[in-house]
>>> print(open('upload-v1.csv').read())   # CSV, C-alpha atoms
chain,number,residue,atom,x,y,z
A,157,MET,CA,6.0,31.7,-50.2
A,158,LEU,CA,7.1,30.1,-47.0
A,159,THR,CA,8.9,26.8,-47.2
A,160,LEU,CA,8.9,24.6,-44.1
A,161,ASP,CA,12.4,23.7,-43.1
A,162,LEU,CA,12.0,20.2,-41.7
A,163,LEU,CA,15.5,20.0,-40.3
A,164,ASN,CA,15.0,23.2,-38.3
A,165,GLU,CA,11.7,21.8,-36.9
A,166,MET,CA,13.5,18.6,-35.9
A,167,ASN,CA,16.3,20.4,-34.3
A,168,ARG,CA,14.0,22.6,-32.3
A,169,LEU,CA,12.1,19.6,-31.0
A,170,HIS,CA,15.4,18.0,-30.2
A,171,ASN,CA,16.6,21.0,-28.2
A,172,GLU,CA,13.3,21.5,-26.5
A,173,VAL,CA,13.3,17.9,-25.2
A,174,ASP,CA,17.0,18.0,-24.3
A,175,ARG,CA,16.3,20.7,-21.9
A,176,VAL,CA,15.2,18.0,-19.6
A,177,PHE,CA,18.9,17.5,-18.9
A,178,THR,CA,20.2,21.1,-18.8
A,179,ARG,CA,17.3,22.8,-17.2
A,180,GLY,CA,17.8,21.2,-13.8
A,181,THR,CA,18.6,17.6,-13.2
A,182,PRO,CA,16.1,15.6,-11.2
A,183,THR,CA,16.8,16.0,-7.6
A,184,LEU,CA,16.7,13.0,-5.4
A,185,THR,CA,15.7,13.7,-1.8
A,186,MET,CA,15.9,10.8,0.5
A,187,THR,CA,16.1,7.1,-0.1
A,188,ALA,CA,18.4,4.8,-1.8
A,189,ASP,CA,15.8,3.1,-3.9
A,190,ALA,CA,13.9,6.0,-5.5
A,191,PRO,CA,12.1,4.6,-8.6
A,192,ASN,CA,14.1,5.1,-11.8
A,193,LEU,CA,12.2,7.1,-14.4
A,194,ASN,CA,12.1,7.0,-18.1
A,195,VAL,CA,10.7,10.0,-20.0
A,196,TRP,CA,9.2,9.8,-23.4
A,197,ALA,CA,8.3,13.1,-25.2
A,198,THR,CA,6.7,14.8,-28.1
A,199,GLU,CA,6.4,18.5,-28.5
A,200,ASN,CA,3.2,18.7,-26.5
A,201,GLU,CA,3.2,15.6,-24.2
A,202,LEU,CA,5.4,13.7,-21.8
A,203,GLN,CA,5.1,10.1,-20.7
A,204,VAL,CA,6.9,9.2,-17.5
A,205,THR,CA,7.3,5.6,-16.5
A,206,ALA,CA,8.6,4.1,-13.3
A,207,GLU,CA,9.0,0.5,-12.2
A,208,LEU,CA,7.3,-0.1,-8.9
A,209,PRO,CA,6.3,-3.7,-8.8
A,210,GLY,CA,4.0,-4.9,-6.0
A,211,ILE,CA,3.3,-1.5,-4.6
A,212,ASP,CA,-0.1,-0.3,-3.3
A,213,PRO,CA,-1.2,2.6,-5.5
A,214,ASN,CA,-2.7,4.2,-2.4
A,215,ASN,CA,0.8,4.5,-1.1
A,216,VAL,CA,1.9,6.6,-4.1
A,217,ASP,CA,1.4,10.3,-4.4
A,218,VAL,CA,1.8,12.0,-7.8
A,219,SER,CA,1.5,15.8,-8.1
A,220,VAL,CA,2.4,18.3,-10.7
A,221,GLU,CA,2.8,22.0,-10.3
A,222,GLY,CA,3.8,24.0,-13.3
A,223,ASP,CA,6.9,22.3,-14.6
A,224,GLU,CA,7.6,20.3,-11.5
A,225,LEU,CA,6.7,16.7,-11.0
A,226,ASN,CA,6.6,15.4,-7.5
A,227,LEU,CA,6.5,11.7,-6.8
A,228,ARG,CA,6.4,10.3,-3.3
A,229,GLY,CA,5.4,7.0,-1.8
A,230,ASN,CA,6.5,3.9,0.0
A,231,PHE,CA,6.7,0.2,-0.5
A,232,SER,CA,5.8,-1.3,2.9
A,233,GLU,CA,7.2,-4.4,4.6
A,234,LYS,CA,5.1,-7.5,4.1
A,235,GLN,CA,3.5,-8.5,7.4
A,236,LEU,CA,4.0,-12.1,8.2
A,237,LYS,CA,1.4,-14.2,9.8
A,238,GLU,CA,1.7,-16.5,12.7
A,239,GLY,CA,4.0,-19.4,11.9
A,240,GLN,CA,5.6,-17.7,8.9
A,241,ARG,CA,9.2,-16.6,8.7
A,242,TRP,CA,11.5,-14.9,6.3
A,243,ILE,CA,14.0,-17.1,4.4
A,244,ARG,CA,15.2,-14.3,2.1
A,245,GLN,CA,14.2,-10.7,1.5
A,246,GLU,CA,15.7,-9.1,-1.5
A,247,HIS,CA,13.0,-6.5,-2.3
A,248,LYS,CA,13.2,-4.4,0.8
A,249,PRO,CA,10.7,-1.8,2.0
A,250,PHE,CA,11.6,1.8,1.0
A,251,THR,CA,10.3,5.3,1.0
A,252,PHE,CA,10.8,7.8,-1.8
A,253,VAL,CA,10.4,11.5,-2.4
A,254,ARG,CA,11.4,12.7,-5.8
A,255,THR,CA,11.2,16.0,-7.6
A,256,PHE,CA,11.7,16.2,-11.3
A,257,ARG,CA,11.8,19.3,-13.4
A,258,LEU,CA,10.0,18.9,-16.7
A,259,PRO,CA,11.0,20.7,-19.9
A,260,PHE,CA,7.6,22.6,-20.0
A,261,ARG,CA,4.7,23.4,-17.8
A,262,VAL,CA,2.0,20.8,-17.6
A,263,GLU,CA,-1.8,21.1,-17.7
A,264,SER,CA,-2.3,19.6,-14.2
A,265,SER,CA,-6.0,19.0,-14.6
A,266,LYS,CA,-5.3,16.7,-17.6
A,267,VAL,CA,-2.6,14.6,-16.0
A,268,ASN,CA,-3.3,10.9,-16.2
A,269,ALA,CA,-1.7,8.3,-14.0
A,270,GLN,CA,-2.0,4.5,-14.5
A,271,TYR,CA,-0.5,1.6,-12.6
A,272,THR,CA,-0.3,-1.6,-14.8
A,273,ASN,CA,1.8,-4.7,-14.3
A,274,GLY,CA,3.9,-3.0,-11.7
A,275,VAL,CA,4.7,0.0,-13.9
A,276,LEU,CA,3.5,3.5,-13.1
A,277,SER,CA,2.8,5.5,-16.2
A,278,LEU,CA,2.1,9.2,-16.2
A,279,THR,CA,0.8,11.2,-19.2
A,280,LEU,CA,1.5,14.9,-18.9
A,281,PRO,CA,0.1,17.2,-21.5
A,282,ARG,CA,1.7,20.5,-22.1
A,283,ALA,CA,0.0,23.6,-20.6
A,284,GLU,CA,-2.1,25.3,-23.2
A,285,VAL,CA,-0.5,28.7,-22.6
A,286,GLU,CA,2.9,27.2,-23.3
A,287,LYS,CA,2.1,25.5,-26.5
A,288,PRO,CA,4.0,27.2,-29.4
A,289,LYS,CA,1.5,28.9,-31.6
A,290,LYS,CA,2.1,29.0,-35.2
A,291,ILE,CA,2.1,32.6,-36.5
A,292,GLU,CA,0.4,32.8,-39.8
A,293,ILE,CA,2.1,35.1,-42.2
A,294,LYS,CA,0.0,36.7,-44.8
A,295,ALA,CA,1.1,38.3,-47.8
A,296,ALA,CA,0.8,42.0,-47.4
B,109,MET,CA,19.3,-14.7,6.3
B,110,GLN,CA,20.2,-18.3,6.8
B,111,SER,CA,21.0,-20.5,3.9
B,112,ASN,CA,18.1,-22.4,2.7
B,113,GLN,CA,18.4,-26.0,1.6
B,114,VAL,CA,15.1,-26.4,-0.1
B,115,LEU,CA,15.8,-23.7,-2.6
B,116,GLN,CA,19.3,-23.1,-3.8
B,117,GLU,CA,20.9,-21.2,-6.6
B,118,THR,CA,24.3,-20.6,-8.0
B,119,ARG,CA,25.6,-17.0,-7.5
B,120,PRO,CA,22.9,-14.7,-9.0
B,121,GLN,CA,24.2,-11.8,-11.0
B,122,ALA,CA,22.4,-8.6,-11.4
B,123,VAL,CA,22.4,-8.6,-15.1
B,124,GLN,CA,23.0,-11.6,-17.3
B,125,THR,CA,24.3,-11.3,-20.8
B,126,HIS,CA,22.6,-14.4,-22.2
B,127,PRO,CA,22.6,-14.8,-25.9
B,128,GLU,CA,18.8,-15.0,-25.8
B,129,THR,CA,17.1,-15.1,-29.1
B,130,ASN,CA,16.1,-11.4,-29.0
B,131,GLY,CA,19.6,-10.4,-28.0
B,132,GLY,CA,18.3,-8.1,-25.3
B,133,VAL,CA,19.3,-7.6,-21.7
B,134,VAL,CA,18.2,-10.2,-19.2
B,135,TYR,CA,17.8,-9.2,-15.6
B,136,THR,CA,17.9,-11.3,-12.5
B,137,PRO,CA,14.8,-10.3,-10.6
B,138,ALA,CA,14.7,-9.7,-6.9
B,139,VAL,CA,13.0,-12.6,-4.9
B,140,ASP,CA,11.5,-12.7,-1.5
B,141,ILE,CA,11.1,-16.2,0.1
B,142,ILE,CA,8.9,-17.0,3.1
B,143,GLU,CA,8.4,-20.2,4.8
B,144,THR,CA,5.0,-21.1,6.2
B,145,PRO,CA,4.2,-24.3,8.1
B,146,ASP,CA,2.9,-25.9,4.9
B,147,SER,CA,4.8,-24.3,2.1
B,148,TYR,CA,7.5,-22.1,0.7
B,149,GLU,CA,6.2,-18.9,-1.0
B,150,LEU,CA,8.2,-16.9,-3.4
B,151,ASP,CA,7.6,-13.3,-4.7
B,152,VAL,CA,9.5,-12.6,-7.8
B,153,TYR,CA,9.6,-8.9,-8.7
B,154,MET,CA,9.4,-8.4,-12.5
B,155,PRO,CA,7.9,-5.0,-13.4
B,156,GLY,CA,6.2,-5.1,-16.7
B,157,ILE,CA,5.1,-8.7,-16.8
B,158,SER,CA,1.6,-10.1,-16.8
B,159,ASP,CA,0.3,-13.6,-16.3
B,160,LYS,CA,0.7,-14.0,-20.0
B,161,THR,CA,4.3,-13.1,-20.1
B,162,ALA,CA,5.6,-14.8,-17.0
B,163,GLU,CA,6.7,-18.4,-17.0
B,164,ALA,CA,7.7,-20.9,-14.3
B,165,THR,CA,8.9,-24.3,-15.1
B,166,LEU,CA,9.8,-27.1,-12.7
B,167,GLU,CA,11.9,-29.8,-14.4
B,168,ASN,CA,13.6,-32.5,-12.3
B,169,ASP,CA,15.1,-30.4,-9.6
B,170,VAL,CA,15.3,-27.1,-11.4
B,171,LEU,CA,12.9,-24.3,-11.0
B,172,THR,CA,13.2,-21.8,-13.8
B,173,ILE,CA,11.4,-18.5,-13.6
B,174,ARG,CA,11.2,-16.3,-16.7
B,175,GLY,CA,9.5,-13.0,-17.6
B,176,GLN,CA,9.1,-11.2,-20.9
B,177,VAL,CA,8.5,-7.5,-21.1
B,178,GLU,CA,7.1,-5.9,-24.2
B,179,ARG,CA,9.1,-3.1,-25.4
B,180,SER,CA,6.3,-1.3,-27.0
B,181,PRO,CA,7.7,1.1,-29.5
B,182,LYS,CA,5.7,4.3,-28.7
B,183,GLU,CA,4.7,6.0,-31.9
B,184,ASN,CA,5.8,9.6,-32.2
B,185,LEU,CA,7.4,9.6,-28.8
B,186,ARG,CA,11.1,10.0,-28.3
B,187,LEU,CA,12.9,8.6,-25.3
B,188,ALA,CA,14.1,11.9,-23.9
B,189,TYR,CA,15.5,10.7,-20.6
B,190,GLN,CA,16.4,7.2,-19.5
B,191,GLU,CA,17.3,6.0,-16.0
B,192,TYR,CA,16.4,2.4,-16.5
B,193,GLU,CA,16.7,-0.2,-19.2
B,194,VAL,CA,13.9,-2.5,-20.0
B,195,GLY,CA,14.7,-6.2,-20.2
B,196,ASP,CA,13.5,-9.7,-19.7
B,197,TYR,CA,13.9,-11.6,-16.5
B,198,ARG,CA,15.3,-15.0,-15.6
B,199,ARG,CA,16.2,-16.8,-12.4
B,200,VAL,CA,16.9,-20.4,-11.6
B,201,PHE,CA,16.7,-22.3,-8.4
B,202,THR,CA,17.4,-25.9,-7.4
B,203,VAL,CA,14.5,-27.4,-5.5
B,204,SER,CA,14.9,-30.3,-3.0
B,205,ASP,CA,12.6,-33.2,-2.2
B,206,GLY,CA,11.0,-31.2,0.5
B,207,VAL,CA,8.6,-29.8,-2.1
B,208,ASP,CA,5.5,-31.4,-3.5
B,209,ARG,CA,6.0,-30.8,-7.2
B,210,GLU,CA,2.5,-31.7,-8.2
B,211,ARG,CA,0.9,-29.0,-6.3
B,212,VAL,CA,3.0,-25.9,-7.1
B,213,SER,CA,0.9,-22.9,-8.0
B,214,ALA,CA,1.6,-19.4,-9.3
B,215,THR,CA,-0.2,-16.1,-9.8
B,216,VAL,CA,0.9,-12.7,-11.1
B,217,ARG,CA,-0.2,-9.4,-9.7
B,218,ASP,CA,1.3,-5.9,-10.3
B,219,GLY,CA,4.4,-7.2,-11.9
B,220,VAL,CA,5.1,-9.7,-9.1
B,221,LEU,CA,5.0,-13.5,-9.7
B,222,HIS,CA,3.8,-15.3,-6.5
B,223,LEU,CA,4.8,-19.0,-6.4
B,224,VAL,CA,3.5,-21.4,-3.7
B,225,LEU,CA,5.6,-24.5,-3.3
B,226,PRO,CA,3.8,-26.8,-0.9
B,227,LYS,CA,5.9,-28.9,1.4
B,228,SER,CA,5.8,-32.6,0.7
B,229,GLU,CA,4.0,-34.5,3.5
B,230,SER,CA,7.1,-36.3,4.6
B,231,SER,CA,9.0,-33.1,5.1
B,232,LYS,CA,6.5,-31.3,7.3
B,233,ALA,CA,7.2,-31.1,10.9
B,234,LYS,CA,5.2,-33.8,12.6
B,235,ARG,CA,4.4,-33.9,16.2
B,236,ILE,CA,5.3,-37.1,17.8
B,237,VAL,CA,2.8,-38.3,20.3
B,238,ILE,CA,4.4,-39.3,23.6
B,239,LYS,CA,2.5,-41.9,25.6
B,240,ALA,CA,3.2,-43.0,29.1
B,241,ALA,CA,4.9,-46.4,28.9
>>> encode(input="upload-v1.csv", output="structure tokens")
Amino acid sequence: MLTLDLLNEMNRLHNEVDRVFTRGTPTLTMTADAPNLNVWATENELQVTAELPGIDPNNVDVSVEGDELNLRGNFSEKQLKEGQRWIRQEHKPFTFVRTFRLPFRVESSKVNAQYTNGVLSLTLPRAEVEKPKKIEIKAA
Amino acid sequence: MQSNQVLQETRPQAVQTHPETNGGVVYTPAVDIIETPDSYELDVYMPGISDKTAEATLENDVLTIRGQVERSPKENLRLAYQEYEVGDYRRVFTVSDGVDRERVSATVRDGVLHLVLPKSESSKAKRIVIKAA
């Protein structure tokens, strides 16, 4: 009889997900204002969120290859019309290019990206080949 | 950027530790201000807010902008990596007589609150007609 060790399962998930830190930290190429990312995880899915208020989604490029997430885009300067002038500009235009290593490879055809209320949310399901398969043990 | 007398505020801090009822973090959102011939227009950047959760109040001379963000507890998901903290927003400005308080309007789009403060008639630049004497 096989008993499920719940603590082991939880530890394994914990370690799996913690590999986001140890398996290569996100590299920031370019820009001071790269969007900050939060990553939520389960064993078979990642949700990545980034705050990008007032951005044109056409100016954002998301791509995933294997376990690498690439995020690039720009927030462009507001064009003033005739007779308008700046009093204060605190949200300055910026360009970002970001590469982020994920704890597992992702099924790129199933990636979902949404931009709501100024927050970019990406849903990244784990690649089928990488999903841990439970091995059934039969009594001999 | 020159100092603007129509909209003034006391030193804004990046993060306020107000004892708000929810006890959470309150951020001071970034603001862009543009002057047009007829109005002052503000863009307040508050990612995560919608038209339902953003609030702007003009009381006497004080313009208070607030935004609330739902911290949706995601079921089964664990926060594995965090670069930013989610919090509410608040920013306060003092508004002068140059603004027509009755006609202030606001819209929200993609986490940005856009406020239009029309200039009061008396404060608009008026062309003075010069006639030959």
>>> closest_residue(input="upload-v1.csv", among="A:Arg282, A:Arg257, A:Lys266, A:His247", to="chain B", atoms="all atoms listed in the file")
A:His247
>>> closest_atom_pairs(input="upload-v1.csv", of="chain A", to="chain B", cutoff="8 Å", atoms="all atoms listed in the file", output="JSON lines")
{"residue": "A:Val173", "atom": "CA", "partner": "B:Ala188", "partner_atom": "CA", "distance": 6.2}
{"residue": "A:Asp174", "atom": "CA", "partner": "B:Ala188", "partner_atom": "CA", "distance": 6.8}
{"residue": "A:Val176", "atom": "CA", "partner": "B:Tyr189", "partner_atom": "CA", "distance": 7.4}
{"residue": "A:Phe177", "atom": "CA", "partner": "B:Tyr189", "partner_atom": "CA", "distance": 7.8}
{"residue": "A:Asn192", "atom": "CA", "partner": "B:Glu191", "partner_atom": "CA", "distance": 5.4}
{"residue": "A:Leu193", "atom": "CA", "partner": "B:Glu191", "partner_atom": "CA", "distance": 5.5}
{"residue": "A:Asn194", "atom": "CA", "partner": "B:Gln190", "partner_atom": "CA", "distance": 4.5}
{"residue": "A:Val195", "atom": "CA", "partner": "B:Tyr189", "partner_atom": "CA", "distance": 4.9}
{"residue": "A:Trp196", "atom": "CA", "partner": "B:Leu187", "partner_atom": "CA", "distance": 4.3}
{"residue": "A:Ala197", "atom": "CA", "partner": "B:Leu185", "partner_atom": "CA", "distance": 5.1}
{"residue": "A:Thr198", "atom": "CA", "partner": "B:Leu185", "partner_atom": "CA", "distance": 5.3}
{"residue": "A:Glu207", "atom": "CA", "partner": "B:Pro155", "partner_atom": "CA", "distance": 5.7}
{"residue": "A:Leu208", "atom": "CA", "partner": "B:Pro155", "partner_atom": "CA", "distance": 6.7}
{"residue": "A:Pro209", "atom": "CA", "partner": "B:Pro155", "partner_atom": "CA", "distance": 5.0}
{"residue": "A:Gly210", "atom": "CA", "partner": "B:Asp218", "partner_atom": "CA", "distance": 5.2}
{"residue": "A:Ile211", "atom": "CA", "partner": "B:Asp218", "partner_atom": "CA", "distance": 7.5}
{"residue": "A:Gly239", "atom": "CA", "partner": "B:Thr144", "partner_atom": "CA", "distance": 6.0}
{"residue": "A:Gln240", "atom": "CA", "partner": "B:Thr144", "partner_atom": "CA", "distance": 4.4}
{"residue": "A:Arg241", "atom": "CA", "partner": "B:Glu143", "partner_atom": "CA", "distance": 5.4}
{"residue": "A:Trp242", "atom": "CA", "partner": "B:Ile142", "partner_atom": "CA", "distance": 4.6}
{"residue": "A:Ile243", "atom": "CA", "partner": "B:Ile142", "partner_atom": "CA", "distance": 5.3}
{"residue": "A:Arg244", "atom": "CA", "partner": "B:Ile141", "partner_atom": "CA", "distance": 4.9}
{"residue": "A:Gln245", "atom": "CA", "partner": "B:Asp140", "partner_atom": "CA", "distance": 4.5}
{"residue": "A:Glu246", "atom": "CA", "partner": "B:Ala138", "partner_atom": "CA", "distance": 5.5}
{"residue": "A:His247", "atom": "CA", "partner": "B:Ala138", "partner_atom": "CA", "distance": 5.9}
{"residue": "A:Thr272", "atom": "CA", "partner": "B:Asp218", "partner_atom": "CA", "distance": 6.4}
{"residue": "A:Asn273", "atom": "CA", "partner": "B:Asp218", "partner_atom": "CA", "distance": 4.2}
{"residue": "A:Gly274", "atom": "CA", "partner": "B:Asp218", "partner_atom": "CA", "distance": 4.1}
{"residue": "A:Val275", "atom": "CA", "partner": "B:Pro155", "partner_atom": "CA", "distance": 6.0}
>>> residues_near_point(input="upload-v1.csv", point="(3.7, 18.2, -11.4)", cutoff="9 Å", atoms="only C-alpha atoms", output="list in words")
Val218, Ser219, Val220, Glu221, Gly222, Asp223, Glu224, Leu225, Asn226, Leu227, Thr255, Phe256, Arg257, Leu258, Arg261, Val262, Glu263, Ser264, Val267 and Leu280 of chain A
>>> closest_residue(input="upload-v1.csv", among="A:Leu202, A:Met166, A:Val216, A:Leu236", to="Tyr271 of chain A", atoms="all atoms listed in the file")
A:Val216
>>> closest_residue(input="upload-v1.csv", among="A:Asn215, A:Asn230, A:Asn200, A:Thr279", to="Thr251 of chain A", atoms="all atoms listed in the file")
A:Asn230
>>> atom_distance(input="upload-v1.csv", atom1="atom CA of Asp208 of chain B", atom2="atom CA of Gln176 of chain B")
26.9 Å
>>> atom_distance(input="upload-v1.csv", atom1="atom CA of Glu163 of chain B", atom2="atom CA of Gly195 of chain B")
14.9 Å
>>> atom_distance(input="upload-v1.csv", atom1="atom CA of Glu117 of chain B", atom2="atom CA of Ser228 of chain B")
20.3 Å
>>> residues_around(input="upload-v1.csv", residues="Leu171 of chain B", least_positions_apart="6", cutoff="8 Å", atoms="all atoms listed in the file", output="NGL selection string")
:B and (164-165 or 200-203)
